[in-house]
Structures are given as structure tokens and as C-alpha cells.
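Shown here: run07.cif, mmCIF, C-alpha atoms and all ligand atoms.
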data_model
loop_
_atom_site.label_atom_id
_atom_site.label_comp_id
_atom_site.auth_asym_id
_atom_site.auth_seq_id
_atom_site.Cartn_x
_atom_site.Cartn_y
_atom_site.Cartn_z
CA MET A 1 -66.54 5.00 -5.22
CA ALA A 2 -65.20 7.44 -2.61
CA ARG A 3 -64.20 4.51 -0.36
CA ARG A 4 -62.32 2.88 -3.29
CA THR A 5 -60.44 6.13 -4.01
CA SER A 6 -59.49 6.41 -0.37
CA THR A 7 -58.25 2.78 -0.30
CA ASP A 8 -56.25 3.32 -3.51
CA LEU A 9 -54.68 6.44 -2.04
CA ARG A 10 -53.71 4.57 1.13
CA LYS A 11 -52.14 1.82 -1.00
CA HIS A 12 -50.22 4.32 -3.08
CA LEU A 13 -48.94 6.05 0.04
CA PHE A 14 -47.93 2.68 1.48
CA HIS A 15 -46.04 1.84 -1.71
CA ILE A 16 -44.26 5.20 -1.76
CA ALA A 17 -43.29 4.72 1.89
CA THR A 18 -42.04 1.20 1.09
CA LEU A 19 -39.92 2.45 -1.80
CA THR A 20 -38.51 5.25 0.35
CA ASP A 21 -37.64 2.74 3.10
CA LEU A 22 -36.09 0.48 0.49
CA SER A 23 -33.89 3.20 -0.98
CA GLU A 24 -32.84 4.27 2.55
CA GLU A 25 -31.97 0.66 3.38
CA ILE A 26 -30.02 0.18 0.15
CA THR A 27 -27.95 3.31 0.64
CA SER A 28 -27.27 2.64 4.34
CA HIS A 29 -23.71 2.06 5.58
CA ARG A 30 -24.50 -1.33 7.09
CA PRO A 31 -22.50 -4.39 6.00
CA PHE A 32 -23.71 -5.40 2.52
CA HIS A 33 -25.07 -8.85 3.50
CA ARG A 34 -27.25 -7.27 6.19
CA THR A 35 -28.53 -4.64 3.76
CA VAL A 36 -29.49 -7.30 1.22
CA LYS A 37 -31.23 -9.38 3.86
CA ALA A 38 -33.19 -6.38 5.17
CA THR A 39 -34.06 -5.45 1.57
CA LEU A 40 -35.37 -8.96 0.87
CA TYR A 41 -37.51 -8.91 4.01
CA MET A 42 -38.88 -5.52 2.97
CA VAL A 43 -39.79 -6.73 -0.52
CA LEU A 44 -41.41 -9.92 0.79
CA GLY A 45 -43.28 -7.98 3.48
CA THR A 46 -44.64 -5.50 0.93
CA LEU A 47 -45.90 -8.28 -1.33
CA SER A 48 -47.09 -10.51 1.59
CA VAL A 49 -44.87 -13.35 0.36
CA PRO A 50 -43.28 -15.60 3.04
CA ARG A 51 -40.57 -17.17 0.85
CA GLY A 52 -38.06 -15.62 -1.49
CA ALA A 53 -34.42 -14.97 -2.25
CA ILE A 54 -32.06 -12.43 -3.78
CA PHE A 55 -29.23 -13.74 -5.98
CA ARG A 56 -26.15 -12.11 -7.40
CA PHE A 57 -24.96 -13.15 -10.85
CA ASP A 58 -21.48 -14.70 -10.93
CA ARG A 59 -19.98 -14.05 -14.37
CA GLU A 60 -17.16 -16.56 -13.95
CA GLU A 61 -19.34 -19.38 -12.65
CA LEU A 62 -22.16 -18.41 -15.05
CA ALA A 63 -24.68 -18.92 -12.29
CA PHE A 64 -26.98 -17.05 -9.91
CA VAL A 65 -25.65 -17.31 -6.35
CA PRO A 66 -28.00 -16.65 -3.39
CA ILE A 67 -27.00 -13.71 -1.14
CA ALA A 68 -30.22 -13.50 0.94
CA ILE A 69 -32.77 -16.23 1.59
CA LYS A 70 -36.03 -16.35 3.52
CA GLY A 71 -38.34 -19.28 4.11
CA PHE A 72 -36.47 -22.09 2.43
CA ASP A 73 -33.54 -24.39 2.93
CA ALA A 74 -30.28 -22.43 2.69
CA SER A 75 -28.18 -25.60 3.09
CA LYS A 76 -29.24 -26.95 -0.31
CA ASP A 77 -27.29 -26.14 -3.46
CA ASN A 78 -29.26 -23.12 -4.59
CA HIS A 79 -26.88 -21.99 -7.32
CA LEU A 80 -28.79 -21.49 -10.58
CA PRO A 81 -26.60 -22.16 -13.64
CA VAL A 82 -27.33 -20.31 -16.86
CA THR A 83 -26.02 -20.57 -20.41
CA ARG A 84 -24.78 -17.52 -22.34
CA ALA A 85 -27.80 -17.68 -24.66
CA GLN A 86 -30.18 -17.77 -21.66
CA MET A 87 -28.24 -14.88 -20.15
CA ARG A 88 -28.88 -12.80 -23.27
CA HIS A 89 -32.61 -13.67 -23.11
CA LEU A 90 -32.79 -12.58 -19.48
CA ILE A 91 -31.06 -9.27 -20.22
CA GLY A 92 -33.30 -8.60 -23.21
CA ARG A 93 -36.43 -9.49 -21.27
CA ASN A 94 -35.69 -7.26 -18.25
CA ARG A 95 -38.99 -8.18 -16.55
CA TYR A 96 -40.35 -10.96 -14.44
CA VAL A 97 -40.52 -14.55 -15.67
CA ALA A 98 -43.56 -16.58 -14.56
CA LEU A 99 -42.05 -19.97 -13.80
CA GLY A 100 -45.37 -21.69 -14.61
CA SER A 101 -45.42 -20.37 -18.18
CA PRO A 102 -41.85 -19.75 -19.36
CA PRO A 103 -41.25 -17.61 -22.46
CA PRO A 104 -39.55 -19.10 -25.52
CA GLY A 105 -35.77 -19.33 -25.11
CA LEU A 106 -35.94 -19.65 -21.32
CA LYS A 107 -37.70 -23.00 -20.98
CA GLY A 108 -34.50 -24.91 -20.20
CA PHE A 109 -33.40 -22.31 -17.67
CA VAL A 110 -36.84 -22.21 -15.99
CA GLN A 111 -36.88 -26.00 -15.73
CA GLY A 112 -33.58 -25.89 -13.86
CA VAL A 113 -34.68 -23.04 -11.60
CA ARG A 114 -37.95 -24.77 -10.74
CA ASP A 115 -36.25 -28.05 -9.92
CA ARG A 116 -33.55 -26.45 -7.79
CA LEU A 117 -36.01 -24.19 -5.94
CA ALA A 118 -38.88 -26.68 -5.66
CA HIS A 119 -38.58 -26.53 -1.87
CA MET A 120 -39.67 -22.86 -1.94
CA GLN A 121 -42.37 -23.35 -4.59
CA ALA A 122 -40.82 -20.53 -6.63
CA GLN A 123 -43.38 -18.76 -8.80
CA TYR A 124 -41.58 -15.75 -10.24
CA PHE A 125 -38.03 -15.09 -11.32
CA ILE A 126 -37.17 -11.39 -11.74
CA PRO A 127 -33.80 -10.75 -13.46
CA LEU A 128 -31.90 -7.76 -12.04
CA VAL A 129 -30.41 -5.84 -14.95
CA THR A 130 -28.69 -2.51 -15.01
CA ARG A 131 -27.00 -0.88 -18.04
CA LYS A 132 -27.66 -4.06 -20.03
CA GLU A 133 -25.66 -6.07 -17.53
CA LEU A 134 -27.08 -9.03 -15.64
CA ILE A 135 -26.53 -8.27 -11.97
CA GLY A 136 -28.64 -10.87 -10.15
CA ALA A 137 -32.23 -11.97 -9.61
CA ILE A 138 -35.10 -12.03 -7.17
CA VAL A 139 -37.03 -15.26 -6.75
CA LEU A 140 -40.49 -15.11 -5.19
CA GLY A 141 -42.59 -17.91 -3.73
CA PRO A 142 -46.42 -17.94 -3.45
CA LYS A 143 -48.34 -15.28 -1.57
CA LEU A 144 -49.30 -15.96 2.03
CA SER A 145 -52.97 -15.67 1.06
CA ARG A 146 -52.46 -18.20 -1.78
CA ARG A 147 -54.01 -15.60 -4.08
CA SER A 148 -52.35 -14.69 -7.37
CA TYR A 149 -50.03 -11.73 -7.66
CA ASN A 150 -52.06 -8.67 -8.74
CA GLN A 151 -51.32 -5.77 -11.07
CA GLU A 152 -50.13 -3.55 -8.23
CA ASP A 153 -47.52 -6.15 -7.35
CA PHE A 154 -46.34 -6.26 -10.96
CA ASP A 155 -46.22 -2.44 -11.05
CA LEU A 156 -44.17 -2.31 -7.88
CA LEU A 157 -41.73 -5.10 -8.77
CA PRO A 158 -39.71 -3.29 -11.49
CA VAL A 159 -39.22 -0.24 -9.27
CA MET A 160 -37.98 -2.36 -6.36
CA SER A 161 -35.85 -4.63 -8.55
CA ASN A 162 -34.18 -1.65 -10.24
CA SER A 163 -33.12 -0.23 -6.87
CA ILE A 164 -31.78 -3.60 -5.76
CA ALA A 165 -29.93 -4.10 -9.08
CA VAL A 166 -28.19 -0.73 -8.69
CA ALA A 167 -27.25 -1.53 -5.08
CA ILE A 168 -25.74 -4.93 -6.00
CA HIS A 169 -23.98 -3.41 -9.01
CA ASN A 170 -22.44 -0.66 -6.86
CA HIS A 171 -21.31 -3.19 -4.28
CA GLN A 172 -19.68 -5.34 -6.99
CA MET A 173 -17.93 -2.26 -8.38
CA PHE A 174 -16.71 -1.45 -4.88
CA LEU A 175 -15.37 -5.00 -4.46
CA SER A 176 -13.62 -4.95 -7.83
CA LEU A 177 -12.13 -1.54 -7.00
CA GLN A 178 -10.85 -2.97 -3.71
CA GLU A 179 -9.34 -5.91 -5.61
CA LYS A 180 -7.69 -3.54 -8.10
CA MET A 181 -6.25 -1.50 -5.24
CA ARG A 182 -4.87 -4.68 -3.66
CA GLU A 183 -3.26 -5.59 -6.99
CA ILE A 184 -1.78 -2.09 -7.43
CA LYS A 185 -0.43 -2.17 -3.87
CA GLN A 186 1.16 -5.57 -4.55
CA LEU A 187 2.69 -4.28 -7.80
CA TYR A 188 4.04 -1.27 -5.94
CA GLU A 189 5.55 -3.55 -3.25
CA ASN A 190 7.12 -5.72 -5.97
CA MET A 191 8.50 -2.61 -7.66
CA ARG A 192 10.05 -1.48 -4.35
CA GLU A 193 11.63 -4.92 -3.92
CA ILE A 194 13.10 -4.71 -7.43
CA TYR A 195 14.44 -1.23 -6.65
CA TYR A 196 16.02 -2.50 -3.45
CA ASP A 197 17.70 -5.42 -5.19
CA THR A 198 18.92 -3.23 -8.07
CA VAL A 199 20.25 -0.56 -5.72
CA LYS A 200 22.03 -3.20 -3.59
CA ALA A 201 23.64 -4.60 -6.73
CA PHE A 202 24.84 -1.09 -7.59
CA ALA A 203 26.21 -0.60 -4.07
CA VAL A 204 28.20 -3.84 -4.37
CA ALA A 205 29.52 -2.67 -7.78
CA ILE A 206 30.61 0.69 -6.28
CA ASP A 207 32.34 -0.90 -3.29
CA THR A 208 34.03 -3.57 -5.39
CA LYS A 209 35.73 -0.91 -7.49
CA ASP A 210 37.52 0.48 -4.45
CA ALA A 211 39.55 -2.33 -2.85
CA PHE A 212 39.65 -0.50 0.50
CA THR A 213 35.99 0.29 0.89
CA GLN A 214 34.39 -3.17 0.89
CA ASN A 215 30.81 -2.86 2.15
CA HIS A 216 31.33 0.86 2.88
CA SER A 217 28.02 1.79 1.20
CA LEU A 218 26.11 -0.88 3.11
CA ARG A 219 27.54 0.33 6.44
CA VAL A 220 26.78 3.97 5.59
CA ALA A 221 23.19 2.97 4.76
CA LYS A 222 22.80 1.05 8.04
CA TYR A 223 24.32 3.76 10.23
CA ALA A 224 22.20 6.43 8.51
CA VAL A 225 19.00 4.45 9.13
CA ALA A 226 19.96 3.95 12.80
CA ILE A 227 20.26 7.74 13.26
CA ALA A 228 17.16 8.54 11.17
CA ARG A 229 15.07 6.01 13.14
CA GLU A 230 16.19 7.58 16.42
CA MET A 231 15.16 10.95 14.92
CA HIS A 232 11.68 9.55 14.10
CA PHE A 233 11.88 9.73 10.31
CA SER A 234 8.76 8.38 8.54
CA LYS A 235 8.85 4.87 7.03
CA ASP A 236 9.25 6.32 3.52
CA ASP A 237 12.07 8.65 4.59
CA LEU A 238 13.84 5.78 6.39
CA GLU A 239 13.76 3.78 3.15
CA GLY A 240 14.91 6.86 1.24
CA ILE A 241 17.93 7.47 3.45
CA TYR A 242 18.83 3.77 3.26
CA ILE A 243 18.80 3.94 -0.56
CA ALA A 244 20.76 7.22 -0.51
CA GLY A 245 23.33 5.56 1.77
CA LEU A 246 23.72 2.64 -0.62
CA LEU A 247 24.10 4.94 -3.64
CA HIS A 248 25.95 7.95 -2.19
CA ASP A 249 29.23 7.03 -3.95
CA ILE A 250 27.69 5.79 -7.21
CA GLY A 251 29.59 8.53 -9.07
CA LYS A 252 32.84 6.64 -8.28
CA ILE A 253 31.81 4.13 -10.92
CA VAL A 254 33.24 6.45 -13.59
CA ILE A 255 36.34 7.51 -11.59
CA ASP A 256 39.63 5.87 -12.56
CA LYS A 257 40.21 2.77 -10.43
CA VAL A 258 43.95 3.56 -10.17
CA ILE A 259 43.18 6.91 -8.53
CA LEU A 260 40.63 5.39 -6.16
CA ASN A 261 43.14 2.79 -4.95
CA LYS A 262 46.28 4.97 -4.97
CA GLU A 263 48.33 4.63 -1.79
CA GLN A 264 50.47 7.77 -2.33
CA THR A 265 49.24 11.32 -1.84
CA LEU A 266 46.91 12.34 -4.66
CA SER A 267 47.90 15.08 -7.08
CA LYS A 268 45.71 18.16 -7.47
CA ASP A 269 44.19 16.80 -10.69
CA GLU A 270 43.52 13.41 -9.13
CA LYS A 271 41.82 15.08 -6.19
CA SER A 272 39.71 17.15 -8.59
CA GLU A 273 38.67 14.00 -10.42
CA ILE A 274 37.62 12.28 -7.21
CA HIS A 275 35.76 15.43 -6.16
CA LEU A 276 33.56 15.04 -9.24
CA HIS A 277 31.91 11.88 -7.92
CA PRO A 278 29.00 13.54 -6.00
CA LEU A 279 28.12 15.55 -9.10
CA ILE A 280 28.38 12.58 -11.46
CA GLY A 281 26.44 10.40 -9.00
CA SER A 282 23.57 12.86 -8.71
CA GLU A 283 23.38 13.16 -12.52
CA ILE A 284 23.27 9.37 -12.90
CA ILE A 285 20.41 9.16 -10.41
CA ARG A 286 18.50 12.35 -11.32
CA ASN A 287 16.54 10.81 -14.18
CA ILE A 288 15.55 7.68 -12.31
CA LYS A 289 12.00 7.90 -10.97
CA PHE A 290 12.59 6.65 -7.44
CA PRO A 291 9.60 6.22 -5.11
CA TRP A 292 11.65 8.14 -2.49
CA ARG A 293 12.38 11.88 -2.36
CA ASN A 294 15.66 13.78 -2.71
CA ILE A 295 18.01 10.87 -3.40
CA ALA A 296 19.88 12.80 -6.11
CA ASP A 297 20.29 15.85 -3.83
CA ILE A 298 21.62 13.76 -0.95
CA ILE A 299 24.16 12.15 -3.31
CA ARG A 300 25.22 15.55 -4.72
CA HIS A 301 25.76 17.08 -1.29
CA HIS A 302 27.20 14.27 0.81
CA HIS A 303 30.63 15.96 0.82
CA GLU A 304 29.33 19.42 1.72
CA ARG A 305 30.21 20.81 5.17
CA GLY A 306 28.42 23.14 7.55
CA ASP A 307 31.35 25.63 7.38
CA GLY A 308 31.01 26.00 3.59
CA HIS A 309 34.32 24.23 2.80
CA GLY A 310 32.79 21.15 1.25
CA TYR A 311 32.19 20.31 -2.40
CA PRO A 312 30.86 20.47 -5.10
CA ASP A 313 28.73 23.57 -4.27
CA GLY A 314 30.37 24.91 -1.07
CA LEU A 315 26.97 25.11 0.65
CA ASN A 316 26.51 26.41 4.21
CA ASP A 317 24.90 24.69 7.19
CA ALA A 318 21.50 26.31 6.57
CA ASP A 319 21.41 24.90 3.00
CA LEU A 320 21.99 21.30 4.09
CA SER A 321 19.06 18.99 4.76
CA LEU A 322 19.05 16.75 7.80
CA ALA A 323 19.36 13.70 5.52
CA VAL A 324 22.50 15.19 3.89
CA LYS A 325 24.00 15.89 7.33
CA ILE A 326 23.31 12.30 8.41
CA ILE A 327 24.85 10.70 5.30
CA SER A 328 27.82 13.08 5.44
CA PHE A 329 28.41 12.21 9.11
CA VAL A 330 28.21 8.42 8.77
CA ASP A 331 30.28 8.49 5.55
CA ALA A 332 33.10 10.23 7.45
CA PHE A 333 32.68 8.00 10.53
CA ASP A 334 33.01 4.83 8.42
CA ALA A 335 36.00 6.30 6.51
CA MET A 336 37.75 7.01 9.83
CA THR A 337 37.08 3.60 11.36
CA THR A 338 38.21 1.54 8.32
CA ASP A 339 41.53 1.23 6.48
CA ARG A 340 42.09 3.51 3.48
CA PRO A 341 44.79 3.24 0.78
CA TYR A 342 46.66 6.23 2.24
CA ARG A 343 46.25 5.52 5.99
CA ARG A 344 45.30 2.92 8.58
CA ARG A 345 41.98 3.05 10.43
CA MET A 346 41.73 5.25 13.54
CA SER A 347 40.89 3.95 16.99
CA LEU A 348 37.34 4.62 18.16
CA GLU A 349 38.64 7.03 20.80
CA LYS A 350 40.62 9.01 18.20
CA THR A 351 37.62 8.99 15.85
CA ILE A 352 35.39 10.47 18.57
CA ASP A 353 38.06 13.13 19.33
CA GLU A 354 38.33 13.97 15.62
CA ILE A 355 34.54 14.33 15.28
CA CYS A 356 34.46 16.65 18.31
CA ALA A 357 37.29 18.74 16.83
CA TYR A 358 35.21 19.33 13.68
CA LEU A 359 31.86 19.80 15.38
CA ASN A 360 29.76 22.46 13.60
CA LEU A 361 32.52 22.77 10.97
CA GLN A 362 32.07 19.40 9.27
CA PHE A 363 29.78 17.52 11.65
CA ASP A 364 26.30 18.53 12.70
CA LYS A 365 25.98 18.70 16.49
CA ARG A 366 22.46 17.20 16.63
CA VAL A 367 23.36 14.30 14.35
CA THR A 368 26.57 13.67 16.30
CA ASN A 369 24.65 13.67 19.57
CA VAL A 370 22.13 11.11 18.30
CA PHE A 371 24.85 8.89 16.82
CA PHE A 372 26.88 8.89 20.05
CA LYS A 373 23.74 8.08 22.05
CA ILE A 374 23.07 5.07 19.80
CA LEU A 375 26.72 4.01 20.01
CA LYS A 376 26.62 4.16 23.82
CA LYS A 377 23.36 2.19 23.96
CA GLU A 378 24.87 -0.45 21.70
CA ILE A 379 28.01 -0.72 23.85
CA THR A 380 26.00 -1.03 27.09
CA GLY A 381 23.66 -3.59 25.47
CA GLU A 382 20.57 -1.38 25.73
CA LEU A 383 19.74 -1.87 22.03
CA PRO A 384 18.62 -5.41 21.11
CA ASP A 385 19.58 -5.12 17.44
CA PRO A 386 22.88 -3.17 17.21
CA GLN A 387 23.64 -1.67 13.79
CA ILE A 388 27.03 -0.03 14.40
CA LEU A 389 29.04 -2.31 16.70
CA PRO A 390 28.89 -5.48 14.54
CA ASN A 391 30.48 -3.50 11.68
CA LEU A 392 33.22 -1.76 13.65
CA GLU A 393 36.60 -3.13 12.67
CA VAL A 394 38.46 -1.15 15.35
CA PRO A 395 38.97 -2.84 18.71
CA PHE A 396 38.14 -0.61 21.71
CA ASP A 397 37.84 -0.53 25.49
CA ALA A 398 34.10 -0.35 26.20
CA LYS A 399 34.60 1.31 29.61
CA ILE A 400 36.80 4.12 28.25
CA ILE A 401 34.49 4.80 25.30
CA THR A 402 31.37 4.79 27.50
CA GLN A 403 33.01 7.31 29.89
CA LEU A 404 34.05 9.46 26.92
CA LEU A 405 30.53 9.41 25.45
CA ASP A 406 29.02 10.22 28.89
CA ALA A 407 31.37 13.19 29.23
CA LEU A 408 30.36 14.45 25.75
CA ALA A 409 26.61 13.89 26.22
CA TYR A 410 26.03 17.07 28.20
CA GLU A 411 28.14 19.22 25.90
CA LEU A 412 26.37 17.90 22.80
CA SER A 413 22.87 18.33 24.20
CA THR A 414 23.36 22.02 25.08
FE FE B 1 31.72 10.07 -1.32
#
Show the structure stored in the file as C-alpha cells.
Ligand SMILES: [Fe+2]
Amino acid sequence: MARRTSTDLRKHLFHIATLTDLSEEITSHRPFHRTVKATLYMVLGTLSVPRGAIFRFDREELAFVPIAIKGFDASKDNHLPVTRAQMRHLIGRNRYVALGSPPPGLKGFVQGVRDRLAHMQAQYFIPLVTRKELIGAIVLGPKLSRRSYNQEDFDLLPVMSNSIAVAIHNHQMFLSLQEKMREIKQLYENMREIYYDTVKAFAVAIDTKDAFTQNHSLRVAKYAVAIAREMHFSKDDLEGIYIAGLLHDIGKIVIDKVILNKEQTLSKDEKSEIHLHPLIGSEIIRNIKFPWRNIADIIRHHHERGDGHGYPDGLNDADLSLAVKIISFVDAFDAMTTDRPYRRRMSLEKTIDEICAYLNLQFDKRVTNVFFKILKKEITGELPDPQILPNLEVPFDAKIITQLLDALAYELST
């Protein structure tokens, strides 16, 4: 009697150790297929069964699909199809099915399983169910000893199968979460594309209204991105400044076309009306939920100046963000190098002189320095994908401009 008690205790300890190992294996960070395989080997080892398999249940295919196999032919079609009625029986049963004596309602299913898995002499089919959901199954072949499964085996099986069901269920949830995240990311990308296209359409509408500023917004956006990239803006902020460049003059949409295209000097009232466009533009944009930051503020302040003489708020240098300074700079540069209703475009040399004359008053020194560096690199061919030169309508002498930019480089960097 004492010997029997001691043997029972050893068996119980062995089973507890097995279950602990199993739960450690299942919660390990190894790739899922390796975890399932190790789990199957552990289950088979505990029961002294040389052949078996773990299946996951595929809801779309309505079939059990093997995910770990031991001791039988993996190249055969081992998918086990199931009808919806059989599925309900398996969920309701939630315990092992002896393939030699199938319960009512599962005879057809068992027939199919037995035929498909004849090469492993399958004896038991254990459905894996968690929260009334069919997750998969374990199929077990005969014991190595050829003896029947005993009560201890049947006591151990539900504990092991529950752990495996939870592990497979968690993995499937993880996969579906990953899929959802991929879908959300794709939707977000599509939304960004739509934003881009819409904003570009707006930019074309703005520039079309003003006969003299064809593609002005597009050039401002490109120049601004060239500077921002050189200043190591993040990907999101580069996109943001591009959008702000395209939309900076959106307020002009409500300004009288006659005033915008007037060749004579503007009256005080006409000037005041034009000066409303940053304010109107920022109000138009303010309620749009852009994925980028500060677009409305950049639009509102793109005519502010470091010396406080800009509009609409008369801000000072310290109040202006770097993005505002960039857009303000490239807006003025493009205005100077293209024809306007009231004057012809300036030469590049004169434009550079003009910028230097208003350094720190209208133009930020750091932004100017970076822009001139890019311009020089584009002229000397150092940049493979020039963004400024292809848009410049003013002819210039490359040698003279390069010398001028070299002479300014030291002054601007100090
Ligand atoms: Fe403007």
C-alpha cells in the first residue's frame, strides 16, 4: 500500500512538472510554429504516444488544418473538413472523441477523420475549445506499449488541451490584430493620398485665379521642402511643410480677381483686402483635421516678418516658428524671381542682394544660409535632384552667382 502511494505521488509530481513545462513552453517567445511543435512533443512524451498532431481550426475553410505533426506523413492532405452541425457537436462535447466508438452526431465526421488519418492509426480526437469557440484539435495515435489509454491519461488530457487551446486562440488573436493594423495603416496611407490630391487641386485653383502666379504654390512647396530636408525635418514635418506651401495662399480664393491681377499701384483699401488672405486662409483650414501639425498657423503667419512689420498680427522674430520662416522666405524668393502684374521679375543677382538687404528684418539668417547653400549645390551640380533651378525663370551667370554665394557663405554662417 505504501509503495502504491509513493508511486502515485511520483506520478502526480511528474504530471505537475509536465504541466508546468507545458505552460512555460506555451508562453515562451519562440516563433509560434516551434512552440506548437515542442508542445506536441511534450504531450506525446507524457502519454508515451509516438504519433499525433495538433490542428488549428480554419473558420473560412471549415476544416482542421495541421500545425504540428509527429510520426506520420505530413505530405498527405491532412485537412479535416467539418460541417457546421458537426462543429456545434464538437463545441458542445468539449472532451475527447474515441474514434473507435463515435458519439451520435459525429459519426460522419469521425469516419472522415479516420480515413484521412489512417496512416497514423488515430485513436482519439480532442477538440480544442475556448469560450465556446472551436480553436483546433489534438489527434492521438496508439500508445507505444499498445496498451489502452488509462484514467490518468484522460484526467491529464483536458488540462493540457485547455492550455493549448488558449495558446492557439491568443496567437490567432495576435494575427488578426496584426491584419487589422495592416488594414488601418493602408487606410491611413489612402487617406493621406486623398489629402495630397485634394490639396494639390486647391493649389491649382489658387494659382489659376492669379494670372501671374502660375504654379507659385507648387514652387513654394518644393523650395520649402528642400530647405526643411536640409534642416533634417522629420518625415511628417516635411509632408506638413509641403502641404502648407501648397495652401499658403488659399485665402486668395475669396479675394477679388480684379485686385489680384491689377497692374497699377493698389489703393489702400485694395491692399487691405489682399492683406486679409492669410487670415481668411487660416480660418478656411482651421477646421480641417489634417494629419499634419500647424498648417493653419503657417498659413496665418506667412506674411509676418522678424522685425514685427508683417501682417496680420505684427509678430516678432521670437514668435515665428521655423516652418513659418521657411514658407515666408521661399514665398518672397519666388515672388522676386517671377513676373508680377506690377513689375517684371528680378535677376537672380538682384534677388540675392535684396534678400541680404532685408536679412533679419524680413528674412531669417539661418533659413537664408541653408537656401543659398542648396542653390549653390544645385548650380555646381552637387545635388542629383535639383528642386530650385528647374523652376527658375530668370537667366543667370552661374560663375557670378557661385562667387556671390561663396562670398556670402561666411557672413551668413557667423
Ligand atoms: Fe501670401
- Surrounding residues as a ChimeraX atom specification, ligand FE 1 (chain B), max 8 Å, all atoms listed in the file: /A:248-249,252,277-278,302-303,331
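Note that CA of Gln214 in chain A and CA of Asp339 in chain A are 10.1 Å apart.
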Protein/DNA/RNA residues near (42.5, 12.3, -3.6), cut 12 Å, all atoms listed in the file, as a PDB file with C-alpha atoms, in the frame of the given file:
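Written output follows (part_21.pdb):
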ATOM      1  CA  ILE A 255      36.340   7.510 -11.590  1.00  0.00           C
ATOM      2  CA  ASP A 256      39.630   5.870 -12.560  1.00  0.00           C
ATOM      3  CA  LYS A 257      40.210   2.770 -10.430  1.00  0.00           C
ATOM      4  CA  VAL A 258      43.950   3.560 -10.170  1.00  0.00           C
ATOM      5  CA  ILE A 259      43.180   6.910  -8.530  1.00  0.00           C
ATOM      6  CA  LEU A 260      40.630   5.390  -6.160  1.00  0.00           C
ATOM      7  CA  ASN A 261      43.140   2.790  -4.950  1.00  0.00           C
ATOM      8  CA  LYS A 262      46.280   4.970  -4.970  1.00  0.00           C
ATOM      9  CA  GLU A 263      48.330   4.630  -1.790  1.00  0.00           C
ATOM     10  CA  GLN A 264      50.470   7.770  -2.330  1.00  0.00           C
ATOM     11  CA  THR A 265      49.240  11.320  -1.840  1.00  0.00           C
ATOM     12  CA  LEU A 266      46.910  12.340  -4.660  1.00  0.00           C
ATOM     13  CA  SER A 267      47.900  15.080  -7.080  1.00  0.00           C
ATOM     14  CA  LYS A 268      45.710  18.160  -7.470  1.00  0.00           C
ATOM     15  CA  ASP A 269      44.190  16.800 -10.690  1.00  0.00           C
ATOM     16  CA  GLU A 270      43.520  13.410  -9.130  1.00  0.00           C
ATOM     17  CA  LYS A 271      41.820  15.080  -6.190  1.00  0.00           C
ATOM     18  CA  SER A 272      39.710  17.150  -8.590  1.00  0.00           C
ATOM     19  CA  GLU A 273      38.670  14.000 -10.420  1.00  0.00           C
ATOM     20  CA  ILE A 274      37.620  12.280  -7.210  1.00  0.00           C
ATOM     21  CA  HIS A 275      35.760  15.430  -6.160  1.00  0.00           C
ATOM     22  CA  LEU A 276      33.560  15.040  -9.240  1.00  0.00           C
ATOM     23  CA  HIS A 277      31.910  11.880  -7.920  1.00  0.00           C
ATOM     24  CA  ARG A 340      42.090   3.510   3.480  1.00  0.00           C
ATOM     25  CA  PRO A 341      44.790   3.240   0.780  1.00  0.00           C
ATOM     26  CA  TYR A 342      46.660   6.230   2.240  1.00  0.00           C
TER      27      TYR A 342
END
*asked:* Quick one: residues within 9 Å of Thr368 in chain A, only C-alpha atoms, excluding same-chain residues fewer than 3 positions away - as a PyMOL selection string?
replied: chain A and resi 326+329+355-356+359+363-365+371-373+412
Please list, as number ranges by chain, the residues that have an atom at most 6 Å away from (-36.5, -2.9, -2.8) in the coordinates of this file, counting only C-alpha atoms.
A: 22, 39, 43, 160, 163-164
With distances taken over all atoms listed in the file, the candidate from A:Ala226, A:Glu349, A:Arg293, A:Ser413 nearest Ile327 in chain A is A:Ala226
As a check of understanding: the span from CA of Leu322 in chain A to CA of Ile284 in chain A is 22.4 Å
If I take CA of His232 in chain A and CA of Lys377 in chain A, how far is one from the other in Å, to one decimal?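 Separation between CA of His232 in chain A and CA of Lys377 in chain A: 17.0 Å.
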Residues near Phe202 in chain A, cut-off 12 Å, only C-alpha atoms, skip fewer than 4 positions along chain, as a ChimeraX atom specification: /A:195-198,206-209,215,217-218,243-253,281,284-285
Contacts of Arg59 in chain A at 12 Å (only C-alpha atoms; same-chain gap of 3+ positions) as a compact mmCIF listing (two decimals) with C-alpha atoms, in the coordinates of the input:
# COMPACT_ATOMS: atom_id res chain seq x y z
CA ARG A 56 -26.15 -12.11 -7.40
CA LEU A 62 -22.16 -18.41 -15.05
CA ALA A 63 -24.68 -18.92 -12.29
CA PHE A 64 -26.98 -17.05 -9.91
CA VAL A 65 -25.65 -17.31 -6.35
CA PRO A 81 -26.60 -22.16 -13.64
CA VAL A 82 -27.33 -20.31 -16.86
CA THR A 83 -26.02 -20.57 -20.41
CA ARG A 84 -24.78 -17.52 -22.34
CA MET A 87 -28.24 -14.88 -20.15
CA GLU A 133 -25.66 -6.07 -17.53
CA LEU A 134 -27.08 -9.03 -15.64
CA ILE A 135 -26.53 -8.27 -11.97
CA GLY A 136 -28.64 -10.87 -10.15
CA GLN A 172 -19.68 -5.34 -6.99
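Comparing A:Thr20, A:Ser48, A:Ser328, A:Asn316 by their smallest distance to Ile298 in chain A, the closest is A:Ser328 (using all atoms listed in the file).
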Lys37 in chain A proximity check over A:Glu61, A:Ile67, A:Ala296, A:Glu378, using all atoms listed in the file: winner is A:Ile67
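If all atoms listed in the file are the atoms counted, then among A:Pro395, A:Pro390, A:Gly100, A:Gly306 the closest residue to Leu361 in chain A is A:Gly306.
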Open item on the list: Considering only C-alpha atoms, can you say which of A:Ala323, A:Leu106, A:Leu383, A:Ile388 comes closest to Arg93 in chain A?
Closed with: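 Smallest distance to Arg93 in chain A is found for A:Leu106.
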Do you know which residues are at most 8 Å from Val225 in chain A counting all atoms listed in the file, after dropping those on the same chain fewer than 6 positions away, and could you put them as a list in words? Leu238, Glu239, Ile241 and Tyr242 of chain A
Quick one: everything within 10 Å of Ser161 in chain A, counting only C-alpha atoms, minus sequence neighbours fewer than 6 positions away in the same chain. Send it as a VMD selection string.
chain A and resid 43 54 95 to 96 126 to 130 136 to 138 167
Please dump the current selection as a short mmCIF file (atom, residue, chain, number, x, y, z; two decimals), keeping the file's coordinate frame; keep C-alpha atoms.
data_model
loop_
_atom_site.label_atom_id
_atom_site.label_comp_id
_atom_site.auth_asym_id
_atom_site.auth_seq_id
_atom_site.Cartn_x
_atom_site.Cartn_y
_atom_site.Cartn_z
CA VAL A 43 -39.79 -6.73 -0.52
CA ILE A 54 -32.06 -12.43 -3.78
CA ARG A 95 -38.99 -8.18 -16.55
CA TYR A 96 -40.35 -10.96 -14.44
CA ILE A 126 -37.17 -11.39 -11.74
CA PRO A 127 -33.80 -10.75 -13.46
CA LEU A 128 -31.90 -7.76 -12.04
CA VAL A 129 -30.41 -5.84 -14.95
CA THR A 130 -28.69 -2.51 -15.01
CA GLY A 136 -28.64 -10.87 -10.15
CA ALA A 137 -32.23 -11.97 -9.61
CA ILE A 138 -35.10 -12.03 -7.17
CA ALA A 167 -27.25 -1.53 -5.08
#
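Checking A:Gln121, A:Thr338, A:Thr414, A:Gln362 one by one against Gly310 in chain A, counting only C-alpha atoms, you find the shortest gap at A:Gln362.
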